[in-house]
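Student: After the structure tokens below, expect a handful of questions from me.
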Amino acid sequence: MIIQSIHHPTSPYAHDTGIKHYTALGLLFKRCTLLLPTEDRLKLISSMFSQIPCFKLEECTAAGCLGFYGYGVFLKTMISGWGEVEWHRVFNFLCSFTNLLPKIKMAVTGTPGVSCFLELQLRLFCRQVLLDSWSCKDTLFWLTRILKPWPMVLQARLLFILYGPLSPDGTLAWQGIVEREMSRSALWHLARVIDLLYRNLDLTDWTTDTVQTILEELIVFPEVWHMENVARLLLLCGNTVCYSFLENKAHNGQLRQVSRLIVHIILVCEKDGDCMNWVVKMVHQVCQGFNTSERFAFIQSLEDMFCTVTMEVIEFVTAGNHHEDMGPFQTLRSLLQSRAHFHAKFLHMFLQNE
């Protein structure tokens with residue numbers, strides 16, 4: 001019943017074949033065990049799958065193995081239609097079967113990147129078995145079960161393990177996120193899951209403050225992220241998350257941090273070809289929370305930060321040998337253009353309101 005071709009898939013159709021096989025296997029198992037209690041059904045799954053290393057954490061090292069994916073397809077088919085109480089039992093069974101929670105603890109409390117194989121195994125298992133191929137509501141259920149046992153600082157690290165960008169060698173980009181600019185595609189999945197948590201607070205016992213705290217912890221680990229990565233992540237998270245994050249900092253008196261973030265959001269918008277109107281509306285929204293004197297102080301802080309960041313980039317360009325690396329020059333060019341485009345849109349907005 002367990003096809004071994006998942007271990008070393010050679011056919012371009014192995015993925016589709018695996019989906020069909022494990023869907024059929026899950027359906028067969030569901031029907032054959034229909035009259036059994038949930039615990040007995042789970043014991044049968046354990047006795048069957050425990051013989052296959054591809055379904056267990058850290059026991060299969062084959063590149064491209066589809067074992068976890070097949071497990072996820074089987075599980076999704078098997079428990080379709082079960083109630084929430086049974087789903088809790090399934091999660092407890094998976095934790096016992098894979099020793100999941102102790103392995104997560106080892107990964108999130110250890111030095112980032114030291115246990116790189118364990119980090120990737122946790123990422124693959126959680127994503128392919130429980131998170132990726134389910135509906136948003138189901139994904140939220142499993143994600144809540146995975147994250148909730150841990151304090152918020154460790155939840156942030158676990159989110160990075162599950163959804164953070166990867167380095168060219170396939171390991172998690174713990175240092176890359178700190179040292180260099182990441183692409184939109186590299187940060188996309190992390191942004192989507194943060195947005196998922198934020199948009200579904202009513203389905204969990206998380207609050208807006210909880211999600212914002214997790215986001216705060218995320219962007220400073222293992223060190224403070226490259227500022228363009230923070231800006232790009234906020235942009236990808238969408239209006240609600242980005243505005244709430246900026247507004248919270250602004251009303252806590254962190255005008256300098258907010259200004260630096262906005263300058264880099266403007267820069268990222270210019271680099272990525274996004275509409276500058278969106279940033280102008282965001283700044284306008286933040287301004288609405290201030291009285292007149294605070295509003296002018298905020299605008300002055302933003303203008304000062306434009307000058308500060310511009311000087312930082314100029315100093316970086318002039319300090320080193322960048323004859324072969326055009327990145328710093330392109331950043332300087334984009335920064336100057338973004339400043340002009342932002343101010344043009346900002347002035348246009350005020351002239352329209354006259």
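Chain labels follow the order of the structure tokens: the first chain is A, the next B, and so on; residue numbering restarts at 1 in every chain, and ligands are counted from 1 in their shown order.
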Which polymer residues have any atom within 10 Å of an atom of range 121-138 of chain A, counting only C-alpha atoms, with same-chain residues fewer than 4 positions away left out, as number ranges by chain?
Tutor: A: 55-61, 66-76, 87, 91, 94, 98, 100, 103-104, 107, 116-117, 142-144, 146, 158-164, 172, 193, 196, 200, 203
Student: Could you make a table, as a tab-separated table, of the residues of range 175-217 of chain A that have an atom within 12 Å of an atom of range 262-269 of chain A, each with its nearest atom pair and distance in Å to one decimal, counting only C-alpha atoms, in chain and number order?
Tutor:
```
residue	atom	partner	partner_atom	distance
A:Glu181	CA	A:Val268	CA	10.1
A:Met182	CA	A:Val268	CA	10.9
A:Ser183	CA	A:Val268	CA	10.3
A:Arg184	CA	A:Val268	CA	10.0
```
Student: Those same residues, written as a PDB file, in the first residue's frame with N, CA, C and O atoms?
Tutor:
```pdb
ATOM      1  N   GLU A 181      19.452  42.410   1.095  1.00  0.00           N
ATOM      2  CA  GLU A 181      18.069  42.572   0.680  1.00  0.00           C
ATOM      3  C   GLU A 181      17.512  41.266   0.116  1.00  0.00           C
ATOM      4  O   GLU A 181      18.167  40.584  -0.664  1.00  0.00           O
ATOM      5  N   MET A 182      16.295  40.911   0.536  1.00  0.00           N
ATOM      6  CA  MET A 182      15.612  39.713   0.052  1.00  0.00           C
ATOM      7  C   MET A 182      14.528  40.101  -0.959  1.00  0.00           C
ATOM      8  O   MET A 182      13.951  41.187  -0.874  1.00  0.00           O
ATOM      9  N   SER A 183      14.233  39.195  -1.861  1.00  0.00           N
ATOM     10  CA  SER A 183      13.226  39.459  -2.881  1.00  0.00           C
ATOM     11  C   SER A 183      11.814  39.342  -2.312  1.00  0.00           C
ATOM     12  O   SER A 183      11.598  38.799  -1.223  1.00  0.00           O
ATOM     13  N   ARG A 184      10.840  39.822  -3.073  1.00  0.00           N
ATOM     14  CA  ARG A 184       9.434  39.688  -2.675  1.00  0.00           C
ATOM     15  C   ARG A 184       9.049  38.222  -2.523  1.00  0.00           C
ATOM     16  O   ARG A 184       8.360  37.843  -1.565  1.00  0.00           O
TER      17      ARG A 184
END
```
Student: May I have the residues within 8 Å of range 36-42 of chain A as number ranges by chain, using only C-alpha atoms and disregarding those fewer than 6 positions away in the same chain?
Tutor: A: 86, 89-90, 93
Student: Among range 159-231 of chain A, which residues carry a DSSP assignment of helix (DSSP H, G or I), reported as a VMD selection string?
Tutor: chain A and resid 159 to 163 176 to 179 184 to 199 201 to 203 208 to 218 227 to 231
Student: Mind giving me the straight-line distance from CA of Arg333 in chain A to CA of Met349 in chain A in Å, one decimal?
Tutor: 24.5 Å
Student: Mind pulling up the distance from CA of Val178 in chain A to CA of Val220 in chain A?
Tutor: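 Going from CA of Val220 in chain A over to CA of Val178 in chain A covers 8.7 Å.
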Student: Applying 9 Å and only C-alpha atoms, which residues near Thr240 in chain A remain after dropping the ones on its own chain fewer than 4 positions away? List them as a PyMOL selection string.
Tutor: chain A and resi 195+198-199+244-245
Student: Which residues are close to Thr310 in chain A, i.e. within 9 Å by only C-alpha atoms, leaving aside same-chain residues fewer than 5 positions away? Reply as a ChimeraX atom specification.
Tutor: /A:305,315,332,335-336
Student: Since we have the selection now, will you write its residues out, keeping N, CA, C and O atoms, as a PDB file, in the first residue's frame?
Tutor:
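Final file, part-v5.pdb:
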```pdb
ATOM      1  N   MET A 305      14.734  62.114   8.372  1.00  0.00           N
ATOM      2  CA  MET A 305      15.161  60.735   8.128  1.00  0.00           C
ATOM      3  C   MET A 305      15.502  60.512   6.658  1.00  0.00           C
ATOM      4  O   MET A 305      16.409  59.741   6.343  1.00  0.00           O
ATOM      5  N   GLU A 315      27.564  57.668   2.021  1.00  0.00           N
ATOM      6  CA  GLU A 315      28.784  57.291   2.737  1.00  0.00           C
ATOM      7  C   GLU A 315      29.193  55.860   2.422  1.00  0.00           C
ATOM      8  O   GLU A 315      30.382  55.558   2.268  1.00  0.00           O
ATOM      9  N   LEU A 332      21.023  54.132  -4.216  1.00  0.00           N
ATOM     10  CA  LEU A 332      21.065  55.590  -4.103  1.00  0.00           C
ATOM     11  C   LEU A 332      20.156  56.234  -5.147  1.00  0.00           C
ATOM     12  O   LEU A 332      19.386  57.149  -4.831  1.00  0.00           O
ATOM     13  N   LEU A 335      16.576  55.669  -4.163  1.00  0.00           N
ATOM     14  CA  LEU A 335      16.213  56.475  -2.998  1.00  0.00           C
ATOM     15  C   LEU A 335      15.899  57.911  -3.404  1.00  0.00           C
ATOM     16  O   LEU A 335      14.894  58.493  -2.956  1.00  0.00           O
ATOM     17  N   LEU A 336      16.741  58.491  -4.262  1.00  0.00           N
ATOM     18  CA  LEU A 336      16.502  59.868  -4.712  1.00  0.00           C
ATOM     19  C   LEU A 336      15.224  59.953  -5.542  1.00  0.00           C
ATOM     20  O   LEU A 336      14.437  60.902  -5.394  1.00  0.00           O
TER      21      LEU A 336
END
```
Student: Could you pull the residues within 10 Å of Phe346 in chain A, counting only C-alpha atoms, minus those fewer than 6 positions along the same chain, as a PyMOL selection string?
Tutor: chain A and resi 276-277+279-281+283-284+340
Student: Could you save the residues just selected, with C-alpha atoms, as a PDB file, in the first residue's frame?
Tutor:
```pdb
ATOM      1  CA  MET A 276       3.410  55.431  -4.344  1.00  0.00           C
ATOM      2  CA  ASN A 277      -0.186  56.512  -3.645  1.00  0.00           C
ATOM      3  CA  VAL A 279       2.412  54.967   0.954  1.00  0.00           C
ATOM      4  CA  VAL A 280       1.062  58.507   0.814  1.00  0.00           C
ATOM      5  CA  LYS A 281      -2.303  57.291   2.111  1.00  0.00           C
ATOM      6  CA  VAL A 283       1.428  58.376   5.994  1.00  0.00           C
ATOM      7  CA  HIS A 284      -1.778  60.411   5.900  1.00  0.00           C
ATOM      8  CA  ALA A 340      10.856  62.883  -5.463  1.00  0.00           C
TER       9      ALA A 340
END
```
Student: For Leu255 in chain A, work out the shell of residues within 12 Å, counting only C-alpha atoms and skipping chain neighbours fewer than 2 positions away, then give it as a PDB file with C-alpha atoms, in the first residue's frame.
Tutor:
```pdb
ATOM      1  CA  LEU A 246       3.291  51.881  12.204  1.00  0.00           C
ATOM      2  CA  GLU A 247       0.455  53.428  14.206  1.00  0.00           C
ATOM      3  CA  ASN A 248       1.375  51.440  17.311  1.00  0.00           C
ATOM      4  CA  LYS A 249       4.991  52.627  17.119  1.00  0.00           C
ATOM      5  CA  ALA A 250       3.945  56.216  16.409  1.00  0.00           C
ATOM      6  CA  HIS A 251       1.652  56.397  19.406  1.00  0.00           C
ATOM      7  CA  ASN A 252       4.353  54.926  21.612  1.00  0.00           C
ATOM      8  CA  GLY A 253       6.514  57.912  20.734  1.00  0.00           C
ATOM      9  CA  GLN A 257      11.780  54.355  14.091  1.00  0.00           C
ATOM     10  CA  VAL A 258       8.512  55.010  12.271  1.00  0.00           C
ATOM     11  CA  SER A 259      10.204  57.584  10.034  1.00  0.00           C
ATOM     12  CA  ARG A 260      13.046  55.207   9.159  1.00  0.00           C
ATOM     13  CA  LEU A 261      10.561  52.446   8.365  1.00  0.00           C
ATOM     14  CA  ILE A 262       8.468  54.733   6.140  1.00  0.00           C
ATOM     15  CA  VAL A 286      -0.706  57.878  10.599  1.00  0.00           C
ATOM     16  CA  CYS A 287      -0.888  61.697  10.647  1.00  0.00           C
ATOM     17  CA  PHE A 290      -1.793  63.210  15.891  1.00  0.00           C
ATOM     18  CA  GLU A 294       2.515  66.330  16.749  1.00  0.00           C
ATOM     19  CA  ARG A 295       1.706  66.131  13.058  1.00  0.00           C
ATOM     20  CA  PHE A 296       4.321  68.741  12.174  1.00  0.00           C
ATOM     21  CA  ALA A 297       6.852  66.981  14.422  1.00  0.00           C
ATOM     22  CA  PHE A 298       6.156  63.720  12.599  1.00  0.00           C
ATOM     23  CA  ILE A 299       6.544  65.287   9.130  1.00  0.00           C
ATOM     24  CA  GLN A 300       9.780  66.982  10.248  1.00  0.00           C
ATOM     25  CA  SER A 301      11.057  63.657  11.587  1.00  0.00           C
ATOM     26  CA  LEU A 302      10.236  62.010   8.260  1.00  0.00           C
ATOM     27  CA  GLU A 303      12.072  64.695   6.284  1.00  0.00           C
ATOM     28  CA  ASP A 304      15.091  64.491   8.583  1.00  0.00           C
ATOM     29  CA  MET A 305      15.161  60.735   8.128  1.00  0.00           C
TER      30      MET A 305
END
```
Student: Go through A:Gln212, A:Ser334, A:Ser50, A:Thr318 one by one, measure the shortest atom-to-atom distance of each to Met152 in chain A using only C-alpha atoms, and give the residue with the smallest value.
Tutor: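 When distances to Met152 in chain A are compared using only C-alpha atoms, the smallest one comes from A:Gln212.
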